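Student: Would you mind keeping the following structure in view while I ask a few things?
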Amino acid sequence: MSDLRDMFFEECDDLMEVLSTGLDDLQNGNGDAETINAMFRSVHSIKGGGGAFGLDRLINFAHAFENVLEDLRSEKIEADPGLIALMFSSFDHLSDLVDAARDEVDIPEDAGASILADLHQVSAPEGGAGGEEAAEVDSADFVPLTLDIGGDDDTLAPLPDLDFDLGGAAEDSNGTLAYVIEFSADPGLYARGHDPALLFRALADLGELTVNADTSEVLPLNEVGESFAGLKWTLELIPAESTTEDDVREVFEFVESQCVLDVSTTFVEGEAPAGLPDLPDLDAPAELPPLEDIAAPEAAPAPIAEAPAPVAKPSTKPAEAKPAAAKKSEPRNSTIRVDLDRVDRLINLVGELVISEAMLRQSMNELPVSANSSVSEAIGQLKTLSGVLQESVMAIRAQPVRGLFQRMSRIVRESSRTAGKDARMLVIGDSTEVDKTVTERLVEPLTHMIRNSVDHGLETAEDRVKAGKPAQGTIKLEAAHRSGRVVISLSDDGAGINREKVRRIAEERGLVRPEDDLTDSDVDNLLFRPGFSTADAVSELSGRGVGLDVVRSEIQALGGRINLQSEPGKGTLMTISLPLTLAVMEGMLVTIEGESLVVPTVALRETLQPGQANVHDFCEGDRGLSMNGEILPIVDLGEALGFRRPLENLENQALLLIEGESGRRSALAVDTIIEQREVVIKGLEQNYQSIPGIAAATILGNGKIALIVDTDQMIPAAGKSQLSLLKGQEHAEVA
Amino acid sequence: MTEQITEEQTADRIEIVSFTIGEQAFCLDIGHVLEIRGWTSTTTLPHAPEYVVGMMNLRGAVLPVMDLSMRLGLGKTVPESRSVIIIAHIDQKSVGFLVDAVSNILTVNPTDMQPTPEVSSAKTAAFIKGVYTLDETIVRAIDVHQIMPQEKLVAA
């Protein structure tokens with residue numbers, strides 16, 4: 001039962017996405033009749049599932065929403081901006097109701113009441129008084145509706161499994177649920193020694209069974225040849241409590257290809273039969289046998305032995321239904337739902353395979369094997385294959401950021417309402433694919449950033465008009481792939497960062513001293529400092545003690561970087577750069593004191609061999625590298641990680657020029673640079689804990705572990721006060 | 001049914017893995033022990049407590065190896081080829097313990113565990129939850145939850 005429930009809510013996610021896409025299309029003027037149809041179907045399906053689980057508030061609201069969409073579909077009303085706004089609010093509320101139902105929490109009674117009233121208002125002319133509708137929306141009403149939609153060729157009831165439960169909900173008021181099974185056997189069934197009687201006996205174990213045989217097509221005995229057929233049965237099963245439709249179908253599992261089978265639900269002693277003729281259509285698409293199998297008797301739609309139609313009719317009817325079936329089932333069949341754990345296991349295994357392959361290759365290199373031998377060739381092929389396999393497995397987890405962006409559109413709507421500002425959301429590149437884990441973990445940081453943009457970034461409408469900007473602010477969310485990473489940028493056309501204010505607050509909090517010389521970008525980056533908030537007062541939207549520092553640490557935890565650019569009066573741009581997957585990355589393998597380490601290539605800008613470099617000494621053993629007229633700090637990685645004492649000179653060291661998230665650079669001194677390679681990331685926290693200066697670990701071809709350097713922690717922050725603070729943090733971590 | 005039997009067994013009898021560090025005998029509840037391996041070289045960790053020898057690769061999993069002798073204040077172990085790593089699973093984490101030798105697997109009655117003598121040092125009190133007396137020897141039962149590296153002790 002809980003499985004069905006989970007399935008329903010998973011479906012809801014998809015349906016809400018369809019709904020949201022439809023709304024966006026309508027808003028942008030791209031909507032057509034099919035858009036509205038799709039939206040209608042989504043709401044209807046949500047209502048249907050809600051009915052099955054007795055979610056009254058959800059059904060009630062979905063019903064009102066559905067009525068409006070129905071009116072829109074039949075062109076009784078028009079999708080003007082007011083209605084679209086109402087539908088957006090309805091969408092938000094519906095999504096709340098679904099969430100509340102999923103988490104089994106209550107939401108305030110009056111929540112959404114005004115939206116509901118508005119919906120009734122809009123659809124009132126047709127739907128009658130609100131009271132009547134409310135009465136209409138009980139589960140009893142629900143069955144005819146489903147049947148109705150079953151008859152609609154465009155419409156697929158997307159939760160076939162729920163149909164049963166749906167009936168269950170209606171049981172009290174509308175009679176007992178029963179399965180009507182239409183069954184006729186091909187000659188092949190008998191030829192293989194199956195006996196329908198045995199099947200029926202098995203069915204009888206599942207509940208109370210009534211069998212009706214239709215003998216009208218049975219040939220006289222003297223005409224029966226080898227291909228004996230013609231018997232047709234209509235069975236009615238009143239199932240025992242735990243029997244599901246799957247159980248019923250399972251009985252016929254072994255004869256599926258040699259019979260014509262149609263299972264549908266009905267209610268005995270109820271009014272349902274009125275809609276019954278449509279029923280077979282409801283499930284027909286999934287169960288239609290191949291055309292050639294239907295040459296023989298056909299499952300008559302009528303439940304009782306009616307004189308079957310001539311042979312011509314059976315062959316045309318499935319032919320008609322078939323294209324519809326193909327059309328309906330195609331989008332459903334193109335995806336499967338898989339537990340994320342299983343995919344993770346697969347990804348881990350492939351990671352192991354890649355490592356083993358590297359080990360094999362490495363040991364091959366040590367053997368006296370010619371490069372042209374068949375062994376090397378096979379190994380080359382293995383390498384290609386494991387590479388392709390890895391890519392394909394990673395692609396399983398990739399999904400478009402659309403869902404995430406749609407959630408963010410909602411955040412913009414809500415927060416602009418709360419802040420009393422007029423804002424619209426512009427979304428670009430929402431088909432960009434990113435690892436599912438990455439999108440999931442972006443929800444919180446992005447929500448926070450968007451609230452910030454609306455609350456702090458955008459000005460009020462009057463101020464905007466005064467500044468010569470359109471009254472409506474624009475929040476732009478954009479995703480794109482850039483050199484093996486995904487870049488998500490969030491920009492607003494607001495007032496930009498008030499640097500004076502930021503600086504003043506920073507001085508008040510002792511983060512910087514008045515005499516410190518900070519660049520604009522330094523000031524902007526102060527916003528990422530822990531506990532920093534520019535909000536004058538704790539507003540409803542932001543300033544709840546969670547600052548951008550949390551956003552940044554969450555992004556960093558994903559292996560990403562966040563960058564902030566602001567132009568006074570023009571707006572603020574935040575750029576998040578993330579790896580496509582959390583499992584594999586590109587790194588430069590280096591050694592220090594015999595230990596292997598990996599420096600992520602993302603941060604790497606250049607490598608310098610000793611001699612090429614122009615190294616200058618400063619006091620206290622500090623060293624700088626002059627590059628293109630700029631002097632960069634040199635960090636001895638071995639010393640920073642505590643592997644050795646500071647070196648007297650760096651003549652024999654190789655230097656790696658790295659750039660951090662904030663654009664700051666420094667040079668890392670290492671003993672030797674080995675090569676660039678892909679590494680499988682292994683977290684350290686799982687069995688140990690986080691280590692300062694180290695991001696993760698990986699396993700090399702020889703089975704040894706190499707640590708992956710956290711480059712951002714290896715870049716001394718510019719500006720003395722910041723540097724000292726960073727050092728202070730380090731001390732705090734050490735203490 | 002088999003489960004019940006096991007439960008009954010664990011109720012009054014438990015199995016322990018005994019091992020030695022220097023001259024002293026210690027033990028762990030076998031339920032924590034995943035496997036016992038020979039010494040393999042480890043990767044040094046920066047900013048790690050001295051008793052964390054490094055990280056090892058256990059069939060693709062990366063886990064820390066702790067010098068149990070160092071952790072118990074018995075001096076640093078110089079690992080050699082005869083040294084043993086006990087892989088244990090404690091509090092959702094896997095960890096390797098570097099010890100001198102594994103001696104036996106014994107069945108004991110938990111109620112036979114005697115309290116640690118009061119003369120104990122702070123370390124003994126923290127890491128040894130009691131002792132079993134077996135024939136002539138005393139086997140010190142390690143409190144595995146205490147022995148795991150605590151987050152705030154790092155680089156202390």
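FYI, nothing fancy with the structure tokens labels: chains A, B, ... in order, residues from 1 per chain, ligands from 1 as they appear.
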Show which residues sit within 8 Å of region 146-148 of chain B, as a list of chain:residue names. Count only C-alpha atoms, and ignore same-chain residues fewer than 4 positions away.

Tutor: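 Near region 146-148 of chain B, the qualifying residues are B:Arg71, B:Ile90, B:Ala126, B:Phe127, B:Ile142.
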
Student: Near chain B, meaning an atom within 10 Å, which residues of chain A appear when counting only C-alpha atoms? Write them as a ChimeraX atom specification.

Tutor: /A:348-349,351-353,355-356,594-597,638-643,680,682-694,696-700,703-707,733-735

Student: Would you list the contacts of region 374-391 of chain A as a PyMOL selection string, taking every protein, DNA or RNA residue within 7 Å and counting only C-alpha atoms, but skipping same-chain residues closer than 5 positions in sequence?

Tutor: chain A and resi 350+354+357+361

Student: Excluding Leu74 (chain B) and any residue of its chain fewer than 3 positions from it, enumerate the residues within 10 Å of it, using only C-alpha atoms, and give them as a list of chain:residue names.

Tutor: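 Once the adjacent positions are removed, what remains is B:Ile21, B:Gly22, B:Gln24, B:Asp67, B:Leu68, B:Ser69, B:Met70, B:Arg71, B:Thr77.
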
Student: Output the selection as a PDB file, in the first residue's frame - all heavy atoms for each residue.

Tutor:
```
ATOM      1  N   ILE B  21      49.002  -6.274  22.071  1.00  0.00           N
ATOM      2  CA  ILE B  21      49.817  -5.105  21.765  1.00  0.00           C
ATOM      3  C   ILE B  21      50.935  -5.145  22.799  1.00  0.00           C
ATOM      4  O   ILE B  21      50.662  -5.059  23.997  1.00  0.00           O
ATOM      5  CB  ILE B  21      49.007  -3.808  21.892  1.00  0.00           C
ATOM      6  CG1 ILE B  21      47.866  -3.796  20.865  1.00  0.00           C
ATOM      7  CG2 ILE B  21      49.909  -2.595  21.704  1.00  0.00           C
ATOM      8  CD1 ILE B  21      46.882  -2.676  21.072  1.00  0.00           C
ATOM      9  N   GLY B  22      52.180  -5.312  22.342  1.00  0.00           N
ATOM     10  CA  GLY B  22      53.282  -5.493  23.283  1.00  0.00           C
ATOM     11  C   GLY B  22      53.025  -6.746  24.104  1.00  0.00           C
ATOM     12  O   GLY B  22      52.750  -7.812  23.564  1.00  0.00           O
ATOM     13  N   GLN B  24      50.569  -6.901  26.383  1.00  0.00           N
ATOM     14  CA  GLN B  24      49.213  -6.889  26.931  1.00  0.00           C
ATOM     15  C   GLN B  24      48.196  -7.520  25.986  1.00  0.00           C
ATOM     16  O   GLN B  24      48.324  -7.425  24.770  1.00  0.00           O
ATOM     17  CB  GLN B  24      48.792  -5.451  27.227  1.00  0.00           C
ATOM     18  CG  GLN B  24      49.721  -4.763  28.217  1.00  0.00           C
ATOM     19  CD  GLN B  24      49.149  -3.431  28.672  1.00  0.00           C
ATOM     20  OE1 GLN B  24      47.962  -3.189  28.581  1.00  0.00           O
ATOM     21  NE2 GLN B  24      50.023  -2.575  29.178  1.00  0.00           N
ATOM     22  N   ASP B  67      46.698   3.369  15.038  1.00  0.00           N
ATOM     23  CA  ASP B  67      47.671   2.615  15.820  1.00  0.00           C
ATOM     24  C   ASP B  67      47.082   2.476  17.222  1.00  0.00           C
ATOM     25  O   ASP B  67      47.088   3.429  17.995  1.00  0.00           O
ATOM     26  CB  ASP B  67      49.003   3.386  15.837  1.00  0.00           C
ATOM     27  CG  ASP B  67      50.068   2.671  16.637  1.00  0.00           C
ATOM     28  OD1 ASP B  67      49.725   1.668  17.303  1.00  0.00           O
ATOM     29  OD2 ASP B  67      51.222   3.115  16.603  1.00  0.00           O
ATOM     30  N   LEU B  68      46.568   1.301  17.533  1.00  0.00           N
ATOM     31  CA  LEU B  68      45.856   1.114  18.792  1.00  0.00           C
ATOM     32  C   LEU B  68      46.798   1.302  19.981  1.00  0.00           C
ATOM     33  O   LEU B  68      46.412   1.828  21.021  1.00  0.00           O
ATOM     34  CB  LEU B  68      45.220  -0.282  18.821  1.00  0.00           C
ATOM     35  CG  LEU B  68      43.915  -0.415  19.581  1.00  0.00           C
ATOM     36  CD1 LEU B  68      42.952   0.700  19.243  1.00  0.00           C
ATOM     37  CD2 LEU B  68      43.277  -1.761  19.277  1.00  0.00           C
ATOM     38  N   SER B  69      48.050   0.896  19.802  1.00  0.00           N
ATOM     39  CA  SER B  69      49.037   1.049  20.862  1.00  0.00           C
ATOM     40  C   SER B  69      49.227   2.525  21.210  1.00  0.00           C
ATOM     41  O   SER B  69      49.203   2.939  22.361  1.00  0.00           O
ATOM     42  CB  SER B  69      50.357   0.436  20.388  1.00  0.00           C
ATOM     43  OG  SER B  69      51.402   0.815  21.233  1.00  0.00           O
ATOM     44  N   MET B  70      49.351   3.324  20.164  1.00  0.00           N
ATOM     45  CA  MET B  70      49.524   4.770  20.333  1.00  0.00           C
ATOM     46  C   MET B  70      48.274   5.366  20.979  1.00  0.00           C
ATOM     47  O   MET B  70      48.354   6.202  21.879  1.00  0.00           O
ATOM     48  CB  MET B  70      49.741   5.379  18.944  1.00  0.00           C
ATOM     49  CG  MET B  70      50.230   6.797  18.941  1.00  0.00           C
ATOM     50  SD  MET B  70      51.960   6.851  19.387  1.00  0.00           S
ATOM     51  CE  MET B  70      52.075   8.580  19.815  1.00  0.00           C
ATOM     52  N   ARG B  71      47.129   4.910  20.508  1.00  0.00           N
ATOM     53  CA  ARG B  71      45.871   5.431  21.013  1.00  0.00           C
ATOM     54  C   ARG B  71      45.713   5.126  22.509  1.00  0.00           C
ATOM     55  O   ARG B  71      45.185   5.919  23.262  1.00  0.00           O
ATOM     56  CB  ARG B  71      44.717   4.774  20.224  1.00  0.00           C
ATOM     57  CG  ARG B  71      43.313   5.207  20.634  1.00  0.00           C
ATOM     58  CD  ARG B  71      43.060   6.646  20.269  1.00  0.00           C
ATOM     59  NE  ARG B  71      41.653   7.007  20.318  1.00  0.00           N
ATOM     60  CZ  ARG B  71      41.227   8.211  20.678  1.00  0.00           C
ATOM     61  NH1 ARG B  71      42.097   9.132  21.027  1.00  0.00           N
ATOM     62  NH2 ARG B  71      39.949   8.507  20.666  1.00  0.00           N
ATOM     63  N   THR B  77      53.654   2.059  17.392  1.00  0.00           N
ATOM     64  CA  THR B  77      53.971   0.783  16.763  1.00  0.00           C
ATOM     65  C   THR B  77      54.716   1.058  15.466  1.00  0.00           C
ATOM     66  O   THR B  77      54.295   1.903  14.683  1.00  0.00           O
ATOM     67  CB  THR B  77      52.682   0.019  16.397  1.00  0.00           C
ATOM     68  OG1 THR B  77      51.863  -0.049  17.545  1.00  0.00           O
ATOM     69  CG2 THR B  77      52.987  -1.375  15.882  1.00  0.00           C
TER      70      THR B  77
END
```

Student: Which neighbours of Ala240 (chain A) fall inside 9 Å, counting only C-alpha atoms, when residues of the same chain fewer than 3 positions from it are skipped, and could you give them as a ChimeraX atom specification?

Tutor: /A:205-208,237,243-244

Student: Kindly export the residues of the current selection with C-alpha atoms, as a PDB file, in the first residue's frame.

Tutor:
```
ATOM      1  CA  ASP A 205      -8.701 -18.576  -5.093  1.00  0.00           C
ATOM      2  CA  LEU A 206      -8.442 -14.809  -5.306  1.00  0.00           C
ATOM      3  CA  GLY A 207     -12.046 -14.124  -4.485  1.00  0.00           C
ATOM      4  CA  GLU A 208     -15.595 -14.820  -5.427  1.00  0.00           C
ATOM      5  CA  LEU A 237     -14.253 -11.606  -9.753  1.00  0.00           C
ATOM      6  CA  THR A 243      -6.064  -9.045  -4.227  1.00  0.00           C
ATOM      7  CA  THR A 244      -4.747  -6.504  -6.692  1.00  0.00           C
TER       8      THR A 244
END
```

Student: CA of Phe254 (chain A) to CA of Leu4 (chain A): how many Å, to one decimal?

Tutor: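 Taking CA of Phe254 (chain A) as the start and CA of Leu4 (chain A) as the end point, the length is 25.3 Å.
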
Student: Tell me, which residues of region 436-576 of chain A carry DSSP helix (DSSP H, G or I), written as a count of residues only?

Tutor: 57

Student: Need to verify the contact set: Val343 (chain A), 10 Å, only C-alpha atoms, exclusion of same-chain residues closer than 5 positions in sequence. Can you return it as JSON, numbers by chain?

Tutor: {"A": [338, 348, 349, 393, 394, 396, 397]}

Student: Mind listing the strand (DSSP E) residues of region 18-48 of chain B, per DSSP on the backbone, as a VMD selection string?

Tutor: chain B and resid 18 to 21 24 to 29 33 to 38

Student: Okay, now the selection with C-alpha atoms, as a PDB file, in the first residue's frame?

Tutor:
```pdb
ATOM      1  CA  SER B  18      41.584 -11.240  21.451  1.00  0.00           C
ATOM      2  CA  PHE B  19      44.839  -9.676  20.304  1.00  0.00           C
ATOM      3  CA  THR B  20      48.065  -8.410  21.708  1.00  0.00           C
ATOM      4  CA  ILE B  21      49.817  -5.105  21.765  1.00  0.00           C
ATOM      5  CA  GLN B  24      49.213  -6.889  26.931  1.00  0.00           C
ATOM      6  CA  ALA B  25      46.124  -8.742  25.776  1.00  0.00           C
ATOM      7  CA  PHE B  26      43.030  -6.884  24.566  1.00  0.00           C
ATOM      8  CA  CYS B  27      39.756  -7.860  22.988  1.00  0.00           C
ATOM      9  CA  LEU B  28      36.894  -6.583  20.840  1.00  0.00           C
ATOM     10  CA  ASP B  29      33.363  -7.893  20.500  1.00  0.00           C
ATOM     11  CA  VAL B  33      35.057  -7.097  13.406  1.00  0.00           C
ATOM     12  CA  LEU B  34      34.668  -7.222   9.626  1.00  0.00           C
ATOM     13  CA  GLU B  35      37.929  -8.927   8.788  1.00  0.00           C
ATOM     14  CA  ILE B  36      41.553  -9.324   9.768  1.00  0.00           C
ATOM     15  CA  ARG B  37      44.297  -8.421   7.329  1.00  0.00           C
ATOM     16  CA  GLY B  38      48.029  -8.251   7.097  1.00  0.00           C
TER      17      GLY B  38
END
```

Student: Could you name the residues that touch Thr21 (chain A) at 10 Å or less, counting only C-alpha atoms, but leaving out those on the same chain fewer than 2 positions away, as a PyMOL selection string?

Tutor: chain A and resi 15-19+23-27+31+35+38-39+402-403+406
